[in-house]
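Right, one structure below, let's go through it.
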Amino acid sequence: MSADKADSNLKSIVESIEKLNILEVSKLVKLLEEKFDVQASTGMVAQTVVQPQGDASQQANGAENTEKDVFNIVLKSAGEKKIEVIKALRSVNQDLGLKEAKDITEATPKVIKESVGKEEAEEIKKLFTEAGAEIELQ
């Protein structure tokens, strides 16, 4: 297979992935991790926080003002549409059975996902809010 053909195939795969929503991408990542026995992680560059130059007091205050980029997602209340919330729970965590998801909706507040990036946390919050649940990002 020529390099141009391989590049074309890879571009096609990337274009297909771009069409997926964040939950589908999350499922894809989990499948790839299981299939190839690897662990996906963010690069060190994405995790590096740059401190602005200034005196020590500004740097100390800057630590308080840095924006959080990893969240725990807490289900505060399932709301009126528990069935929709159960479906949302099971789409976010494929390992949950129906009973486990139902138990979570009845035992609020409950952490439903830990150490989630900001973008994924916002997508999950939107999913649950549309299902009628109250979500808090911690």
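Residue numbers start at 1 in each chain; chains themselves are named A, B, ... in the order of the structure tokens; ligands are numbered from 1 in the order shown.
All residues in range 74-113 of chain A with a DSSP state of alpha helix (DSSP H), computed from the backbone, read A:Lys82, A:Ile83, A:Glu84, A:Val85, A:Ile86, A:Lys87, A:Ala88, A:Leu89, A:Arg90, A:Ser91, A:Val92, A:Leu98, A:Lys99, A:Glu100, A:Ala101, A:Lys102, A:Asp103, A:Ile104, A:Thr105, A:Glu106.
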Practice task
Might you pull out every residue within 7 Å of range 121-134 of chain A, with only C-alpha atoms counted and same-chain residues fewer than 3 positions away left off, and present them as a PyMOL selection string?
Solution key: chain A and resi 22+71+73+75-81+84-85+88+116-118
Write out as a PDB file with N, CA and C atoms, in the first residue's frame the residues lying within 12 Å of Ser115 in chain A, counting only C-alpha atoms and excluding same-chain residues fewer than 2 positions away.
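File produced: part15.pdb:
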ATOM      1  N   SER A  41      -4.607   8.656  26.840  1.00  0.00           N
ATOM      2  CA  SER A  41      -4.365   9.712  27.827  1.00  0.00           C
ATOM      3  C   SER A  41      -4.080  11.002  27.090  1.00  0.00           C
ATOM      4  N   LYS A  68     -10.643  25.329  36.172  1.00  0.00           N
ATOM      5  CA  LYS A  68     -10.583  23.882  36.356  1.00  0.00           C
ATOM      6  C   LYS A  68     -10.784  23.196  35.009  1.00  0.00           C
ATOM      7  N   ASP A  69      -9.996  22.146  34.749  1.00  0.00           N
ATOM      8  CA  ASP A  69     -10.142  21.448  33.477  1.00  0.00           C
ATOM      9  C   ASP A  69     -10.484  19.965  33.620  1.00  0.00           C
ATOM     10  N   VAL A  70     -10.617  19.486  34.863  1.00  0.00           N
ATOM     11  CA  VAL A  70     -11.042  18.114  35.123  1.00  0.00           C
ATOM     12  C   VAL A  70     -12.164  18.158  36.158  1.00  0.00           C
ATOM     13  N   PHE A  71     -13.240  17.440  35.879  1.00  0.00           N
ATOM     14  CA  PHE A  71     -14.424  17.524  36.721  1.00  0.00           C
ATOM     15  C   PHE A  71     -14.926  16.143  37.133  1.00  0.00           C
ATOM     16  N   ASN A  72     -15.609  16.127  38.271  1.00  0.00           N
ATOM     17  CA  ASN A  72     -16.440  14.999  38.655  1.00  0.00           C
ATOM     18  C   ASN A  72     -17.866  15.418  38.361  1.00  0.00           C
ATOM     19  N   ILE A  73     -18.651  14.534  37.782  1.00  0.00           N
ATOM     20  CA  ILE A  73     -20.025  14.853  37.426  1.00  0.00           C
ATOM     21  C   ILE A  73     -20.936  14.236  38.482  1.00  0.00           C
ATOM     22  N   VAL A  74     -21.728  15.106  39.126  1.00  0.00           N
ATOM     23  CA  VAL A  74     -22.597  14.673  40.215  1.00  0.00           C
ATOM     24  C   VAL A  74     -24.050  14.805  39.786  1.00  0.00           C
ATOM     25  N   VAL A 111     -21.992  10.748  42.518  1.00  0.00           N
ATOM     26  CA  VAL A 111     -21.001  10.973  41.462  1.00  0.00           C
ATOM     27  C   VAL A 111     -21.236   9.916  40.392  1.00  0.00           C
ATOM     28  N   ILE A 112     -21.447  10.361  39.153  1.00  0.00           N
ATOM     29  CA  ILE A 112     -21.719   9.405  38.080  1.00  0.00           C
ATOM     30  C   ILE A 112     -20.525   9.205  37.157  1.00  0.00           C
ATOM     31  N   LYS A 113     -19.586  10.147  37.169  1.00  0.00           N
ATOM     32  CA  LYS A 113     -18.371  10.000  36.368  1.00  0.00           C
ATOM     33  C   LYS A 113     -17.301  10.888  36.981  1.00  0.00           C
ATOM     34  N   GLY A 117     -12.776  15.526  31.350  1.00  0.00           N
ATOM     35  CA  GLY A 117     -12.350  16.784  30.757  1.00  0.00           C
ATOM     36  C   GLY A 117     -13.522  17.748  30.633  1.00  0.00           C
ATOM     37  N   LYS A 118     -13.198  19.028  30.524  1.00  0.00           N
ATOM     38  CA  LYS A 118     -14.218  20.075  30.509  1.00  0.00           C
ATOM     39  C   LYS A 118     -15.235  19.896  29.382  1.00  0.00           C
ATOM     40  N   GLU A 119     -14.744  19.635  28.161  1.00  0.00           N
ATOM     41  CA  GLU A 119     -15.643  19.516  27.009  1.00  0.00           C
ATOM     42  C   GLU A 119     -16.603  18.332  27.180  1.00  0.00           C
ATOM     43  N   GLU A 120     -16.057  17.186  27.584  1.00  0.00           N
ATOM     44  CA  GLU A 120     -16.899  16.007  27.781  1.00  0.00           C
ATOM     45  C   GLU A 120     -17.883  16.232  28.931  1.00  0.00           C
ATOM     46  N   ALA A 121     -17.419  16.903  29.994  1.00  0.00           N
ATOM     47  CA  ALA A 121     -18.290  17.189  31.144  1.00  0.00           C
ATOM     48  C   ALA A 121     -19.476  18.056  30.718  1.00  0.00           C
ATOM     49  N   LEU A 137     -21.146  20.052  38.208  1.00  0.00           N
ATOM     50  CA  LEU A 137     -19.766  19.725  37.855  1.00  0.00           C
ATOM     51  C   LEU A 137     -18.884  20.181  39.001  1.00  0.00           C
ATOM     52  N   GLN A 138     -18.129  19.251  39.580  1.00  0.00           N
ATOM     53  CA  GLN A 138     -17.247  19.591  40.700  1.00  0.00           C
ATOM     54  C   GLN A 138     -15.813  19.446  40.289  1.00  0.00           C
TER      55      GLN A 138
END
Got a sec: who's within 12 Å of range 24-26 of chain A, counting only C-alpha atoms, leaving out chain neighbours fewer than 3 positions off, as an mmCIF file with C-alpha atoms, in the first residue's frame?
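Printed below is out14.cif as written:
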data_model
loop_
_atom_site.group_PDB
_atom_site.id
_atom_site.type_symbol
_atom_site.label_atom_id
_atom_site.label_comp_id
_atom_site.auth_asym_id
_atom_site.auth_seq_id
_atom_site.Cartn_x
_atom_site.Cartn_y
_atom_site.Cartn_z
ATOM 1 C CA VAL A 14 -10.710 10.971 10.768
ATOM 2 C CA SER A 16 -15.866 9.673 9.991
ATOM 3 C CA ILE A 17 -14.828 10.268 13.591
ATOM 4 C CA GLU A 18 -15.442 14.011 13.237
ATOM 5 C CA LYS A 19 -19.103 13.270 12.558
ATOM 6 C CA LEU A 20 -19.546 11.465 15.921
ATOM 7 C CA ASN A 21 -20.862 13.199 19.038
ATOM 8 C CA VAL A 29 -12.030 5.209 22.631
ATOM 9 C CA LYS A 30 -13.104 2.537 25.119
ATOM 10 C CA LEU A 31 -13.493 -0.024 22.330
ATOM 11 C CA LEU A 32 -10.040 0.791 20.946
ATOM 12 C CA GLU A 33 -8.502 0.594 24.420
ATOM 13 C CA ALA A 40 -5.657 6.639 26.012
ATOM 14 C CA SER A 91 -25.135 5.794 27.558
ATOM 15 C CA VAL A 92 -22.393 7.469 29.612
ATOM 16 C CA ASN A 93 -21.407 4.282 31.462
ATOM 17 C CA GLN A 94 -22.016 1.187 29.348
ATOM 18 C CA VAL A 116 -13.733 14.096 33.060
ATOM 19 C CA GLY A 117 -12.350 16.784 30.757
ATOM 20 C CA GLU A 119 -15.643 19.516 27.009
ATOM 21 C CA GLU A 120 -16.899 16.007 27.781
ATOM 22 C CA ALA A 121 -18.290 17.189 31.144
ATOM 23 C CA GLU A 123 -21.647 17.411 26.847
ATOM 24 C CA ILE A 124 -22.672 14.999 29.603
#
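Rounded to one decimal, CA of Lys11 in chain A and CA of Glu34 in chain A lie 23.2 Å from each other.
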